[in-house]
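J.: Input file: input.cif. Contents: mmCIF, C-alpha atoms.
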```cif
data_run
loop_
_atom_site.label_atom_id
_atom_site.label_comp_id
_atom_site.auth_asym_id
_atom_site.auth_seq_id
_atom_site.Cartn_x
_atom_site.Cartn_y
_atom_site.Cartn_z
CA MET A 18 106.93 136.78 218.36
CA LYS A 19 108.53 137.32 221.74
CA LYS A 20 106.25 137.20 224.75
CA VAL A 21 105.77 140.61 226.36
CA SER A 22 104.69 141.15 229.95
CA MET A 23 104.94 144.08 232.33
CA TYR A 24 104.41 145.24 235.86
CA THR A 25 103.05 148.76 236.15
CA LEU A 26 101.33 151.24 238.47
CA SER A 27 97.90 152.72 237.74
CA THR A 28 99.27 156.10 238.91
CA CYS A 29 102.31 156.16 236.61
CA PRO A 30 102.20 158.02 233.24
CA TRP A 31 105.30 156.20 231.95
CA CYS A 32 103.58 152.87 232.54
CA ARG A 33 100.65 154.14 230.49
CA LYS A 34 103.09 155.09 227.69
CA ALA A 35 104.72 151.65 227.84
CA LYS A 36 101.33 149.98 227.42
CA GLN A 37 100.48 152.34 224.53
CA PHE A 38 103.79 151.49 222.81
CA PHE A 39 102.79 147.86 222.47
CA SER A 40 99.04 148.31 221.93
CA GLN A 41 99.65 150.86 219.13
CA ARG A 42 101.82 148.24 217.38
CA HIS A 43 99.17 145.58 217.99
CA ILE A 44 101.59 143.56 220.09
CA PRO A 45 99.77 141.60 222.77
CA PHE A 46 101.13 141.79 226.33
CA ASP A 47 100.25 140.72 229.86
CA ASP A 48 100.27 143.39 232.52
CA ILE A 49 99.58 143.69 236.22
CA ASP A 50 99.11 147.00 238.05
CA TYR A 51 101.12 146.43 241.22
CA ASP A 52 99.10 148.91 243.29
CA LEU A 53 95.82 147.20 242.43
CA ALA A 54 97.06 143.67 243.04
CA ASP A 55 96.48 141.56 246.16
CA GLU A 56 99.18 141.21 248.81
CA ALA A 57 100.51 137.87 247.60
CA THR A 58 100.86 139.15 244.03
CA GLN A 59 102.53 142.33 245.27
CA GLU A 60 105.09 140.27 247.19
CA ARG A 61 105.78 138.13 244.13
CA ILE A 62 106.22 141.21 241.94
CA MET A 63 108.58 142.80 244.44
CA ARG A 64 110.72 139.64 244.53
CA GLU A 65 111.06 139.84 240.74
CA LEU A 66 111.88 143.53 240.83
CA ASP A 67 114.46 143.02 243.59
CA ALA A 68 116.04 140.16 241.65
CA GLU A 69 116.59 142.54 238.71
CA GLY A 70 117.72 145.45 240.89
CA ALA A 71 114.67 147.47 239.93
CA SER A 72 113.13 150.06 242.22
CA GLY A 73 110.54 151.67 239.97
CA PHE A 74 107.96 151.02 237.28
CA PRO A 75 107.39 150.19 234.44
CA PHE A 76 109.10 146.80 234.55
CA VAL A 77 108.88 145.27 231.07
CA ARG A 78 109.87 141.74 230.08
CA ILE A 79 110.39 141.07 226.35
CA GLY A 80 111.24 137.44 225.77
CA ASP A 81 113.86 136.76 228.41
CA GLN A 82 115.12 140.35 228.59
CA VAL A 83 114.02 142.87 231.20
CA VAL A 84 113.80 146.61 230.54
CA LEU A 85 113.51 148.90 233.54
CA GLY A 86 111.67 152.15 232.90
CA TYR A 87 110.02 153.59 229.80
CA GLN A 88 112.55 152.95 227.05
CA PRO A 89 110.76 152.77 223.69
CA ASP A 90 114.02 152.49 221.70
CA ARG A 91 115.03 149.42 223.66
CA TYR A 92 111.58 147.89 223.35
CA ALA A 93 111.79 148.28 219.56
CA LYS A 94 115.31 146.86 219.44
CA LEU A 95 114.40 143.81 221.50
CA LEU A 96 111.27 143.15 219.47
CA ALA A 97 113.27 143.34 216.23
CA SER A 98 116.15 141.16 217.38
CA PRO A 99 116.02 137.34 217.14
CA MET B 13 79.77 194.26 251.21
CA SER B 14 80.24 195.89 254.64
CA ASP B 15 81.96 199.26 255.05
CA PHE B 16 85.55 199.33 256.13
CA VAL B 17 86.14 199.64 259.87
CA LYS B 18 89.32 200.79 261.60
CA ALA B 19 91.00 197.72 263.11
CA MET B 20 94.48 198.57 264.39
CA ARG B 21 97.56 200.60 263.58
CA ALA B 22 99.55 199.00 260.76
CA ALA B 23 102.70 199.36 262.88
CA GLU B 24 101.23 196.95 265.45
CA VAL B 25 101.70 194.03 263.07
CA ALA B 26 105.33 193.51 262.08
CA PRO B 27 106.13 192.13 258.61
CA GLY B 28 105.73 188.35 258.78
CA GLY B 29 103.61 188.73 261.90
CA MET B 30 100.00 188.23 262.92
CA LYS B 31 97.74 189.87 265.48
CA THR B 32 94.19 189.11 266.56
CA VAL B 33 91.38 191.66 266.75
CA GLU B 34 87.65 191.47 267.42
CA LEU B 35 85.38 193.56 265.18
CA ASN B 36 81.58 193.53 264.97
CA GLY B 37 81.53 190.26 266.92
CA HIS B 38 84.04 188.58 264.58
CA GLN B 39 87.36 187.30 265.87
CA LEU B 40 89.91 187.94 263.15
CA VAL B 41 93.63 187.77 262.57
CA ILE B 42 95.48 190.48 260.66
CA CYS B 43 98.51 189.18 258.74
CA ASN B 44 101.32 191.38 257.46
CA CYS B 45 102.76 189.62 254.41
CA ASP B 46 105.76 191.74 253.48
CA GLY B 47 103.81 194.99 253.79
CA THR B 48 100.53 193.71 252.31
CA PHE B 49 97.82 193.12 254.89
CA TYR B 50 95.26 190.33 254.90
CA ALA B 51 92.51 189.45 257.35
CA ILE B 52 91.26 185.95 258.11
CA ASP B 53 89.03 184.25 260.63
CA ARG B 54 90.87 183.65 263.90
CA ARG B 55 89.66 180.07 264.26
CA CYS B 56 91.42 177.27 262.38
CA GLY B 57 89.16 175.46 259.92
CA HIS B 58 90.25 172.16 261.45
CA MET B 59 89.64 172.29 265.20
CA ASN B 60 89.20 176.01 265.99
CA ALA B 61 92.62 176.72 267.45
CA PRO B 62 93.68 180.40 267.35
CA LEU B 63 95.68 180.98 264.17
CA GLU B 64 97.65 183.99 265.44
CA MET B 65 99.49 181.49 267.66
CA GLY B 66 100.71 179.68 264.57
CA THR B 67 103.26 180.76 262.00
CA LEU B 68 103.05 182.90 258.88
CA ASP B 69 105.31 181.94 255.98
CA GLY B 70 104.76 184.16 252.97
CA THR B 71 101.00 184.03 252.57
CA ILE B 72 100.56 180.63 254.23
CA VAL B 73 99.52 180.37 257.86
CA THR B 74 100.22 177.14 259.75
CA CYS B 75 98.11 176.36 262.78
CA ALA B 76 100.09 175.63 265.94
CA MET B 77 97.78 172.85 267.06
CA HIS B 78 97.92 170.24 264.27
CA CYS B 79 99.67 172.16 261.46
CA ALA B 80 96.67 172.65 259.17
CA GLN B 81 97.57 175.34 256.61
CA PHE B 82 95.62 178.10 254.89
CA ASP B 83 96.26 180.66 252.18
CA VAL B 84 95.61 184.01 253.88
CA THR B 85 94.81 185.68 250.54
CA THR B 86 91.85 183.39 249.84
CA GLY B 87 91.14 181.41 253.01
CA GLU B 88 91.64 178.13 251.10
CA ALA B 89 92.67 175.12 253.18
CA LEU B 90 95.99 173.91 251.74
CA SER B 91 97.04 171.22 254.19
CA GLY B 92 95.15 169.07 256.60
CA PRO B 93 96.39 168.21 260.08
CA VAL B 94 99.46 166.08 260.60
CA PRO B 95 100.24 163.27 260.93
CA GLY B 96 98.35 162.01 257.89
CA ASN B 97 99.71 158.52 258.37
CA VAL B 98 100.13 157.01 261.83
CA GLY B 99 101.61 153.69 260.74
CA ASN B 100 100.20 150.40 261.86
CA GLU B 101 101.90 149.70 265.16
CA VAL B 102 99.37 148.27 267.62
CA PRO B 103 98.87 150.57 270.65
CA PRO B 104 98.94 149.14 274.20
CA PRO B 105 95.54 147.61 275.08
CA ARG B 106 94.83 150.09 277.86
CA ILE B 107 94.72 153.03 275.41
CA GLY B 108 93.73 151.07 272.31
CA ALA B 109 89.99 151.35 272.96
CA PHE B 110 90.28 155.10 273.65
CA LEU B 111 92.21 155.66 270.43
CA THR B 112 89.69 153.61 268.46
CA ASN B 113 86.92 155.86 269.74
CA VAL B 114 88.88 159.00 268.95
CA ALA B 115 89.59 157.67 265.45
CA ARG B 116 85.86 157.10 264.91
CA LEU B 117 85.14 160.73 265.81
CA MET B 118 88.11 162.09 263.88
CA GLU B 119 86.79 160.49 260.69
CA HIS B 120 84.11 163.17 260.74
CA VAL B 121 86.46 166.07 261.34
CA ARG B 122 87.37 168.00 258.22
CA THR B 123 89.65 170.92 257.51
CA GLU B 124 87.37 173.61 256.08
CA PRO B 125 88.44 176.82 254.36
CA ILE B 126 88.38 179.93 256.57
CA GLY B 127 86.81 183.32 256.04
CA CYS B 128 88.94 185.98 254.44
CA TYR B 129 88.06 189.70 254.56
CA PRO B 130 89.04 192.74 252.51
CA ALA B 131 91.83 194.72 254.21
CA LYS B 132 93.49 198.00 253.34
CA VAL B 133 95.93 200.39 254.93
CA GLU B 134 94.99 204.05 255.10
CA ASP B 135 96.62 206.76 257.18
CA GLU B 136 98.78 204.16 258.96
CA TRP B 137 95.72 202.21 260.08
CA VAL B 138 94.54 198.80 258.92
CA TRP B 139 90.88 198.92 257.87
CA LEU B 140 88.78 195.77 257.44
CA ALA B 141 85.43 195.13 255.80
CA VAL B 142 83.68 192.70 258.12
CA MET C 26 90.13 170.83 250.91
CA SER C 27 90.03 170.51 247.16
CA THR C 28 92.54 168.62 245.01
CA ASP C 29 93.56 171.93 243.42
CA SER C 30 94.27 173.53 246.82
CA ARG C 31 96.33 170.55 247.89
CA LYS C 32 98.28 170.54 244.59
CA LYS C 33 99.02 174.22 245.16
CA ALA C 34 100.30 173.49 248.67
CA LEU C 35 102.48 170.59 247.50
CA ARG C 36 103.97 172.79 244.75
CA HIS C 37 104.84 175.48 247.27
CA PHE C 38 106.52 173.15 249.75
CA PHE C 39 108.24 170.87 247.23
CA GLN C 40 109.73 173.88 245.43
CA ARG C 41 111.53 174.89 248.61
CA VAL C 42 112.95 171.41 249.13
CA VAL C 43 114.14 170.70 245.58
CA GLU C 44 115.63 174.09 244.75
CA PRO C 45 118.64 173.81 247.10
CA LEU C 46 119.20 170.33 245.63
CA GLY C 47 119.59 171.81 242.15
CA PHE C 48 116.22 170.70 240.82
CA LYS C 49 113.01 172.41 239.71
CA PHE C 50 109.54 171.36 238.59
CA THR C 51 109.55 169.94 235.08
CA PRO C 52 108.69 172.53 232.40
CA ASP C 53 106.24 169.92 231.06
CA ALA C 54 103.25 171.48 232.82
CA GLU C 55 100.79 168.73 231.83
CA LEU C 56 103.05 166.00 233.22
CA ALA C 57 103.65 167.95 236.44
CA ASP C 58 99.94 168.50 236.92
CA PHE C 59 99.14 164.83 236.32
CA LEU C 60 101.83 163.61 238.73
CA LEU C 61 100.79 166.08 241.45
CA GLU C 62 97.20 164.97 241.07
CA GLN C 63 98.30 161.33 241.55
CA GLU C 64 100.28 162.34 244.64
CA VAL C 65 97.24 164.05 246.14
CA LYS C 66 95.25 160.85 245.59
CA LEU C 67 98.02 158.78 247.16
CA GLU C 68 98.12 161.19 250.09
CA ILE C 69 94.37 160.81 250.58
CA LYS C 70 94.73 157.02 250.48
CA HIS C 71 97.94 156.57 252.49
CA GLY C 72 98.36 159.87 254.36
CA ILE C 73 101.63 160.52 252.51
CA PRO C 74 102.36 161.87 248.99
CA PHE C 75 104.32 158.91 247.62
CA CYS C 76 106.00 158.85 244.22
CA PRO C 77 103.39 157.74 241.66
CA CYS C 78 105.94 155.59 239.82
CA GLN C 79 107.61 153.60 242.58
CA PRO C 80 106.23 150.71 244.64
CA ILE C 81 104.82 151.18 248.14
CA ARG C 82 106.22 148.19 250.00
CA HIS C 83 104.37 148.67 253.31
CA ASP C 84 107.77 148.66 254.99
CA ARG C 85 108.24 152.02 256.70
CA ALA C 86 112.01 152.11 256.32
CA ARG C 87 111.80 151.54 252.58
CA ASP C 88 108.64 153.54 251.92
CA VAL C 89 110.20 156.67 253.41
CA GLN C 90 112.59 156.58 250.44
CA ILE C 91 109.75 157.22 247.99
CA VAL C 92 108.04 160.08 249.83
CA CYS C 93 108.03 163.00 247.40
CA PRO C 94 110.40 164.72 246.90
CA CYS C 95 112.51 161.57 247.14
CA ILE C 96 115.60 163.12 245.49
CA PRO C 97 117.78 162.98 248.65
CA PHE C 98 117.45 159.18 248.75
CA HIS C 99 118.40 158.73 245.10
CA ARG C 100 120.79 161.61 244.58
CA LYS C 101 123.42 159.90 242.42
CA HIS C 102 120.83 158.17 240.25
CA PHE C 103 118.68 161.25 239.69
CA ASP C 104 121.65 163.55 239.14
CA ALA C 105 122.89 161.13 236.45
CA MET C 106 119.45 161.21 234.75
CA LYS C 107 118.99 164.95 235.41
CA ARG C 108 115.47 164.07 236.49
CA CYS C 109 113.77 162.12 239.21
CA TRP C 110 112.23 158.74 238.42
CA CYS C 111 108.69 159.95 237.73
CA GLY C 112 109.94 163.12 236.04
CA LEU C 113 108.20 165.61 238.31
CA PHE C 114 111.55 167.29 238.93
CA VAL C 115 114.43 167.96 236.57
CA HIS C 116 117.78 169.67 236.91
CA GLN C 117 117.45 173.44 236.95
CA GLY C 118 119.15 173.87 233.59
CA VAL C 119 116.81 171.49 231.72
CA THR C 120 114.53 173.09 229.12
CA ASP C 121 113.59 169.98 227.13
CA PRO C 122 112.48 167.34 229.64
CA ALA C 123 111.29 164.99 226.86
CA SER C 124 114.95 164.47 225.92
CA LEU C 125 115.76 162.92 229.31
CA PRO C 126 115.36 159.12 229.17
CA GLN C 127 114.14 157.12 232.15
CA LEU C 128 117.09 154.88 233.00
CA SER C 129 117.47 152.61 236.01
CA ALA C 130 120.46 152.94 238.34
CA LYS C 131 121.52 149.54 237.02
CA ASP C 132 121.46 150.77 233.39
CA LEU C 133 123.57 153.77 234.43
CA GLY C 134 126.13 151.48 236.06
CA LEU C 135 125.43 152.92 239.49
CA GLU C 136 124.79 149.57 241.19
#
```
Can you present the structure in this file as structure tokens?

T.:
Amino acid sequence: MKKVSMYTLSTCPWCRKAKQFFSQRHIPFDDIDYDLADEATQERIMRELDAEGASGFPFVRIGDQVVLGYQPDRYAKLLASP
Amino acid sequence: MSDFVKAMRAAEVAPGGMKTVELNGHQLVICNCDGTFYAIDRRCGHMNAPLEMGTLDGTIVTCAMHCAQFDVTTGEALSGPVPGNVGNEVPPPRIGAFLTNVARLMEHVRTEPIGCYPAKVEDEWVWLAV
Amino acid sequence: MSTDSRKKALRHFFQRVVEPLGFKFTPDAELADFLLEQEVKLEIKHGIPFCPCQPIRHDRARDVQIVCPCIPFHRKHFDAMKRCWCGLFVHQGVTDPASLPQLSAKDLGLE
């Protein structure tokens, strides 16, 4: 099973949907709400987002692939692929 | 509810305009919103500035002093004063202490809704129930 | 002032900004209401109605680019998606906002 982690915002409905996608399929994931994190964590998250050319949330990592935004079809595809 | 009292000639307030009047000890502003008249308290719900010196855009009045905004049909406060965010540049020391004191007081200042009174036009006069 | 009053004010002022840009509020009323409510909370916290789905970097020059409506700063990207990032606004011709996927500028080949 690929490891799933995400960076989200507590104010963002698409982030909520992304979390629901995985929890409804009983797929465990790590997540950090950027807006509720401390300064050091926020800086680290922003470095990762900048490295991927991302400017919004959700930021979802499935295995070694990054998906920017709420894209359930891509999540499903990446989970199914080897 | 009070009886309607003659306030001013409707022609005295141009469409999109505002004019102040005092009736029964109340300072009010009459607003002409595209031919429909509304009456509100004269004093801004933020820091009491006279609203007729502000601007009327549709049914929203913006106070000239700090840009607080109110719906003239209900008196609801729609916007607080600006700026809402002053950034975090450090002010020069000689005014820093003054600004800190002002900030402490300003924390207690709120933008409250304003009074809104029934208005009608009859025989070319604006009548208000105050 | 109440959250509802402030939401009403934001609707009124945002409408006037986005319309000349070819956008309108999303027909998904529940989504619009939720996002506006988040913006009111962000405005109470930060003094500015930031986008609820983009990061506040505490860098004025960059944060100005996510003050709602942030369409002018992301014109090409949002025009390509026919919606803004958080989905509060969609192109005027859109009737089915759920059909508009959320795609990054990178995914759209705009970077």

J.: Would you work out the distance separating CA of Leu111 (chain B) from CA of Gly72 (chain C), expressed in Å to one decimal?

T.: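 Straight-line distance from CA of Leu111 (chain B) to CA of Gly72 (chain C) works out to 17.7 Å.
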
J.: What does the structure give for the distance between CA of Asp69 (chain B) and CA of Gly29 (chain B), in Å to one decimal?

T.: 9.2 Å

J.: Can you give me, as a list of chain:residue names, the residues this file yields under the PyMOL selection byres ((chain B and resi 92) around 6)?

T.: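 The output of the PyMOL selection byres ((chain B and resi 92) around 6) on this file is B:Ala80, B:Ser91, B:Pro93, B:Thr123.
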
J.: Do you have the CA of Pro74 (chain C)-CA of Val89 (chain C) distance handy?

T.: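 Separating CA of Pro74 (chain C) from CA of Val89 (chain C) is a distance of 10.4 Å.
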
J.: Enumerate as a PyMOL selection string the residues belonging to chain C that approach chain A to within 6 Å, with all atoms listed in the file taken into account.

T.: chain C and resi 63+77-79+127+129

J.: Using all atoms listed in the file, give me every residue within 12 Å of (93.9, 191.1, 261.4) in file coordinates, as a ChimeraX atom specification.

T.: /B:17-22,24-26,29-35,38-45,48-54,63-64,84,127-133,137-142

J.: Which residue is closest to Ser27 (chain C)? Choose from C:Met106, C:Cys76, C:Val65, C:Cys95 and count all atoms listed in the file.

T.: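 Among the listed residues, the smallest separation from Ser27 (chain C) belongs to C:Val65.
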
J.: With only C-alpha atoms considered, list every residue of chain B at most 10 Å from chain C, as an NGL selection string.

T.: :B and (72 or 81-83 or 88-92 or 94-100 or 122-125)

J.: Given the PyMOL selection byres ((chain C and resi 96) around 12) and the file above, list the residues it selects as a ChimeraX atom specification.

T.: /C:39,42-49,76,89-95,97-116

J.: Neighbours of Ser22 (chain A) within 9 Å (only C-alpha atoms; same-chain residues fewer than 5 positions away dropped), as a count of residues only?

T.: 10

J.: Can you translate the PyMOL selection byres ((chain A and resi 44) around 10) into the concrete residues it hits in this file, as a list in words?

T.: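 That selection, the PyMOL selection byres ((chain A and resi 44) around 10), comes back as Met18, Lys19, Lys20, Val21, Lys36, Gln37, Phe38, Phe39, Ser40, Gln41, Arg42, His43, Pro45, Phe46 and Leu96 of chain A.
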
J.: How would the residues just picked look written out with C-alpha atoms as a compact mmCIF listing (two decimals), keeping the file's coordinate frame?

T.:
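Final file, result.txt:
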```
# COMPACT_ATOMS: atom_id res chain seq x y z
CA MET A 18 106.93 136.78 218.36
CA LYS A 19 108.53 137.32 221.74
CA LYS A 20 106.25 137.20 224.75
CA VAL A 21 105.77 140.61 226.36
CA LYS A 36 101.33 149.98 227.42
CA GLN A 37 100.48 152.34 224.53
CA PHE A 38 103.79 151.49 222.81
CA PHE A 39 102.79 147.86 222.47
CA SER A 40 99.04 148.31 221.93
CA GLN A 41 99.65 150.86 219.13
CA ARG A 42 101.82 148.24 217.38
CA HIS A 43 99.17 145.58 217.99
CA PRO A 45 99.77 141.60 222.77
CA PHE A 46 101.13 141.79 226.33
CA LEU A 96 111.27 143.15 219.47
```
